[in-house]
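A.B. asks: Structure supplied as structure35.cif; contents: mmCIF, C-alpha atoms.
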```
data_target
loop_
_atom_site.label_atom_id
_atom_site.label_comp_id
_atom_site.auth_asym_id
_atom_site.auth_seq_id
_atom_site.Cartn_x
_atom_site.Cartn_y
_atom_site.Cartn_z
CA MET P 1276 0.00 0.00 0.00
CA LEU P 1277 1.30 3.42 -0.98
CA THR P 1278 1.09 6.21 1.56
CA THR P 1279 0.71 9.87 0.76
CA LYS P 1280 3.78 12.00 1.05
CA LYS P 1281 3.65 14.52 3.81
CA ALA P 1282 5.22 17.96 3.70
CA VAL P 1283 7.54 19.30 6.37
CA ALA P 1284 5.00 19.77 9.18
CA GLY P 1285 3.25 16.42 8.64
CA MET P 1286 0.52 18.06 6.55
CA ASP P 1287 0.10 17.92 2.81
CA PHE P 1288 1.22 20.86 0.70
CA LEU P 1289 -2.20 22.49 0.44
CA GLN P 1290 -2.70 22.51 4.19
CA GLU P 1291 0.72 24.05 4.74
CA PHE P 1292 0.05 26.64 2.04
CA VAL P 1293 -3.27 27.73 3.59
CA LEU P 1294 -1.76 27.73 7.10
CA GLY P 1295 1.21 29.81 5.92
CA LEU P 1296 -1.10 32.30 4.22
CA PHE P 1297 -3.17 32.61 7.38
CA ILE P 1298 -0.05 33.17 9.51
CA LEU P 1299 1.19 35.91 7.15
CA ILE P 1300 -2.17 37.69 7.32
CA VAL P 1301 -2.16 37.54 11.14
CA ILE P 1302 1.42 38.89 11.27
CA ALA P 1303 0.54 41.77 8.92
CA PHE P 1304 -2.51 42.60 11.05
CA VAL P 1305 -0.43 42.61 14.26
CA VAL P 1306 2.24 44.84 12.67
CA VAL P 1307 -0.35 47.41 11.60
CA LEU P 1308 -2.03 47.43 15.03
CA ALA P 1309 1.33 47.73 16.80
CA GLY P 1310 2.31 50.63 14.55
CA VAL P 1311 -0.90 52.50 15.28
CA SER P 1312 -0.58 52.00 19.04
CA MET P 1313 3.11 52.99 19.07
CA GLN P 1314 2.31 56.19 17.19
CA GLU P 1315 0.71 57.66 20.32
CA THR P 1316 3.48 56.57 22.67
CA SER P 1317 6.34 57.89 20.55
CA ARG P 1318 5.78 61.55 21.37
CA ASP P 1319 7.69 63.66 23.88
CA THR P 1320 5.81 66.01 26.24
CA ILE P 1321 7.65 69.29 26.68
CA GLY P 1322 7.03 72.20 29.00
CA GLY P 1323 7.25 75.66 27.51
CA THR P 1324 7.47 79.21 28.81
CA THR P 1325 6.92 82.36 26.83
CA ILE P 1326 8.01 85.75 28.17
CA ASN P 1327 7.08 89.16 26.75
CA GLU P 1328 4.71 88.01 24.02
CA SER P 1329 3.27 91.21 22.61
CA GLY P 1330 -0.53 91.27 22.59
CA TRP P 1331 -3.65 93.18 23.58
CA LEU P 1332 -6.65 92.94 25.85
CA ASN P 1333 -9.81 94.42 24.41
CA SER P 1334 -13.41 93.36 23.78
CA SER P 1335 -12.26 90.37 21.71
CA SER P 1336 -10.08 87.55 23.01
CA TYR P 1337 -6.35 87.40 22.40
CA GLN P 1338 -4.96 84.05 21.20
CA VAL P 1339 -1.37 83.28 22.22
CA THR P 1340 0.95 82.29 19.38
CA ASN P 1341 1.98 78.89 20.79
CA ARG P 1342 -1.62 77.61 20.93
CA THR P 1343 -1.13 75.99 17.50
CA LEU P 1344 1.58 73.62 18.76
CA GLN P 1345 0.65 69.95 18.66
CA GLY P 1346 -0.87 68.80 21.96
CA PHE P 1347 -1.00 72.34 23.43
CA THR P 1348 -2.30 71.97 27.01
CA GLY P 1349 -1.72 73.25 30.52
CA PHE P 1350 -1.92 76.91 29.50
CA SER P 1351 -1.53 79.33 32.40
CA VAL P 1352 -0.88 83.08 32.40
CA THR P 1353 1.88 84.01 34.86
CA GLU P 1354 1.84 87.77 34.31
CA ILE P 1355 0.52 90.49 32.00
CA ARG P 1356 2.15 93.94 31.94
CA ASN P 1357 1.33 97.23 30.27
CA ALA P 1358 3.97 97.38 27.50
CA SER P 1359 4.55 101.14 27.78
CA ASN P 1360 5.37 101.34 31.52
CA GLN P 1361 5.75 97.61 32.49
CA ILE P 1362 3.18 97.93 35.29
CA THR P 1363 1.70 94.52 36.08
CA LEU P 1364 -2.03 94.15 35.49
CA GLY P 1365 -3.90 92.53 38.32
CA THR P 1366 -5.53 89.19 37.66
CA GLY P 1367 -8.93 90.84 38.04
CA ASN P 1368 -8.37 92.60 34.69
CA TYR P 1369 -8.36 89.38 32.60
CA THR P 1370 -9.31 85.73 32.50
CA PHE P 1371 -7.89 82.94 30.39
CA ALA P 1372 -8.93 79.57 29.03
CA GLY P 1373 -6.92 76.39 28.59
CA ASN P 1374 -6.94 76.73 24.79
CA GLY P 1375 -4.66 79.80 24.88
CA SER P 1376 -7.34 82.49 24.87
CA ILE P 1377 -7.08 85.56 27.12
CA TYR P 1378 -10.18 87.67 27.76
CA ASN P 1379 -10.45 91.27 28.91
CA VAL P 1380 -12.63 91.84 31.97
CA THR P 1381 -12.25 95.57 32.66
CA THR P 1382 -10.25 98.19 30.76
CA ALA P 1383 -9.03 97.64 27.21
CA TRP P 1384 -5.25 97.49 26.86
CA ASP P 1385 -3.90 98.01 23.35
CA ASP P 1386 -0.34 96.89 24.01
CA VAL P 1387 0.59 94.38 26.70
CA ASP P 1388 3.43 91.92 27.35
CA ILE P 1389 2.23 88.45 28.28
CA ASP P 1390 4.17 85.77 30.17
CA TYR P 1391 2.70 82.26 30.22
CA THR P 1392 3.51 78.59 30.59
CA PHE P 1393 2.17 75.57 28.70
CA THR P 1394 3.00 72.02 27.65
CA TYR P 1395 2.93 70.46 24.21
CA THR P 1396 3.89 67.22 22.52
CA ARG P 1397 6.65 66.80 20.00
CA ASN P 1398 6.94 63.98 17.50
CA THR P 1399 10.03 61.81 17.61
CA VAL P 1400 11.68 60.21 14.58
CA ALA P 1401 9.73 57.03 15.29
CA THR P 1402 6.46 58.93 15.12
CA GLY P 1403 7.26 60.16 11.63
CA ILE P 1404 8.12 56.67 10.40
CA ILE P 1405 5.01 55.13 11.98
CA THR P 1406 2.81 57.92 10.62
CA ASN P 1407 4.17 57.41 7.10
CA PHE P 1408 3.62 53.64 7.39
CA THR P 1409 0.02 53.89 8.61
CA SER P 1410 -0.91 56.67 6.19
CA GLY P 1411 0.55 54.61 3.34
CA ILE P 1412 -1.62 51.66 4.29
CA ALA P 1413 -4.66 53.92 4.56
CA THR P 1414 -3.90 55.51 1.19
CA LEU P 1415 -3.56 52.10 -0.43
CA GLY P 1416 -6.82 50.96 1.15
CA ASN P 1417 -8.61 54.09 -0.03
CA SER P 1418 -7.16 54.01 -3.54
CA VAL P 1419 -8.12 50.41 -4.30
CA PRO P 1420 -11.78 50.24 -5.36
CA THR P 1421 -14.01 47.65 -3.73
CA TRP P 1422 -14.45 45.71 -6.96
CA VAL P 1423 -10.66 45.27 -7.25
CA THR P 1424 -10.54 43.85 -3.74
CA LEU P 1425 -13.39 41.46 -4.49
CA ALA P 1426 -11.77 40.45 -7.79
CA GLY P 1427 -8.54 39.73 -5.92
CA LEU P 1428 -10.41 37.48 -3.49
CA VAL P 1429 -12.09 35.64 -6.38
CA VAL P 1430 -8.71 35.12 -8.08
CA LEU P 1431 -7.19 33.88 -4.79
CA MET P 1432 -10.06 31.42 -4.31
CA ALA P 1433 -9.69 30.25 -7.93
CA ILE P 1434 -5.97 29.64 -7.41
CA MET P 1435 -6.71 27.66 -4.25
CA ALA P 1436 -9.34 25.61 -6.12
CA VAL P 1437 -6.85 24.83 -8.89
CA ILE P 1438 -4.28 23.75 -6.30
CA ILE P 1439 -6.84 21.48 -4.65
CA ILE P 1440 -7.76 19.91 -7.99
CA VAL P 1441 -4.11 19.38 -8.94
CA VAL P 1442 -3.26 17.82 -5.55
CA LYS P 1443 -6.26 15.47 -5.76
CA ARG P 1444 -5.27 14.38 -9.30
CA LEU P 1445 -1.70 13.79 -8.19
CA LYS P 1446 -2.91 11.67 -5.27
CA GLY P 1447 -5.13 9.69 -7.64
CA ALA P 1448 -2.21 9.14 -10.06
CA GLU P 1449 -0.12 7.63 -7.26
CA GLY P 1450 -2.48 4.68 -7.09
CA GLY P 1451 -4.63 5.06 -4.05
CA GLY P 1452 -3.85 7.87 -1.69
CA GLY P 1453 -7.49 8.78 -1.23
CA ALA P 1454 -8.83 10.76 1.67
CA GLY P 1455 -8.94 7.68 3.88
CA ASP P 1456 -5.23 6.90 3.55
CA LEU P 1457 -2.94 8.53 6.06
#
```
Could you write out this file's structure as structure tokens?
C.D. replies:
Amino acid sequence: MLTTKKAVAGMDFLQEFVLGLFILIVIAFVVVLAGVSMQETSRDTIGGTTINESGWLNSSSYQVTNRTLQGFTGFSVTEIRNASNQITLGTGNYTFAGNGSIYNVTTAWDDVDIDYTFTYTRNTVATGIITNFTSGIATLGNSVPTWVTLAGLVVLMAIMAVIIIVVKRLKGAEGGGGAGDL
């Protein structure tokens, strides 16, 4: 009685092929998820201080210049002075919000110097690489139409069907080797 030849892992070729394909898909999925999660952890948080930023306090709010930094948080005004005579304005003359806005409460001041502190995040080199990787995957996913993806799956299933047919014919040509033979 002839026995079927087994591939390396004790499975026939088709089983190993499908298992290998599945493992590659799982690895690719894990790499993408790891990249996305590492993107958030690869940033540095930095404390900043600005002294003598020229601004104003009038009926509209003043927006500090550093508010546009990535991850701008922890904004706090330490002092505001009249720019012409450097007299400090009392905290009752203004209020501020965490987004970098300063609001006039009493008298309008056309020219003031503002001192404030804040924190922000800075991207590291790893963040840039991870961002490029994930945006490339997203771009590829968005640029491939749905019908191309479905056509690819149909072609993959057709290839697998052909492999199954060829393996079954080869087993039949060996003289036996049916599904019951191990």
A.B. asks: With only C-alpha atoms as the atoms that count, which of P:Phe1304, P:Tyr1337, P:Phe1408, P:Tyr1395 lies nearest to Asp1319 (chain P)?
C.D. replies: P:Tyr1395
A.B. asks: What is the distance, in Å and to one decimal place, between CA of Gln1338 (chain P) and CA of Ile1326 (chain P)?
C.D. replies: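 These atoms are spaced 14.8 Å apart.
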A.B. asks: As a check of understanding, name the residues that the PyMOL selection byres ((chain P and resi 1346) around 6) selects in the supplied structure, as a PDB file with C-alpha atoms, keeping the file's coordinate frame.
C.D. replies:
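Result file follows (selection25.pdb):
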```pdb
ATOM      1  CA  GLN P1345       0.650  69.950  18.660  1.00  0.00           C
ATOM      2  CA  PHE P1347      -1.000  72.340  23.430  1.00  0.00           C
ATOM      3  CA  TYR P1395       2.930  70.460  24.210  1.00  0.00           C
ATOM      4  CA  THR P1396       3.890  67.220  22.520  1.00  0.00           C
TER       5      THR P1396
END
```
A.B. asks: Which residues fall under the PyMOL selection byres ((chain P and resi 1383) around 9) in this file, as an MDAnalysis selection string?
C.D. replies: chainID P and resid 1331:1334 1379:1382 1384:1385
A.B. asks: What residues come out when you apply the PyMOL selection byres ((chain P and resi 1393) around 7) to this file, written as a ChimeraX atom specification?
C.D. replies: /P:1322-1324,1347-1351,1391-1392,1394-1395
A.B. asks: If we count all atoms listed in the file and set the cut-off at 10 Å, which residues sit around region 1431-1441 of chain P, ignoring sequence neighbours fewer than 3 positions away in its own chain? Please answer as a PyMOL selection string.
C.D. replies: chain P and resi 1288-1290+1292-1293+1425-1428+1444-1447
A.B. asks: Please indicate the distance in Å from CA of Arg1356 (chain P) to CA of Asp1388 (chain P), rounded to one decimal place.
C.D. replies: 5.2 Å
A.B. asks: Please report the interatomic distance between CA of Phe1371 (chain P) and CA of Ile1355 (chain P) in Å with one decimal.
C.D. replies: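 Distance between the two atoms: 11.4 Å.
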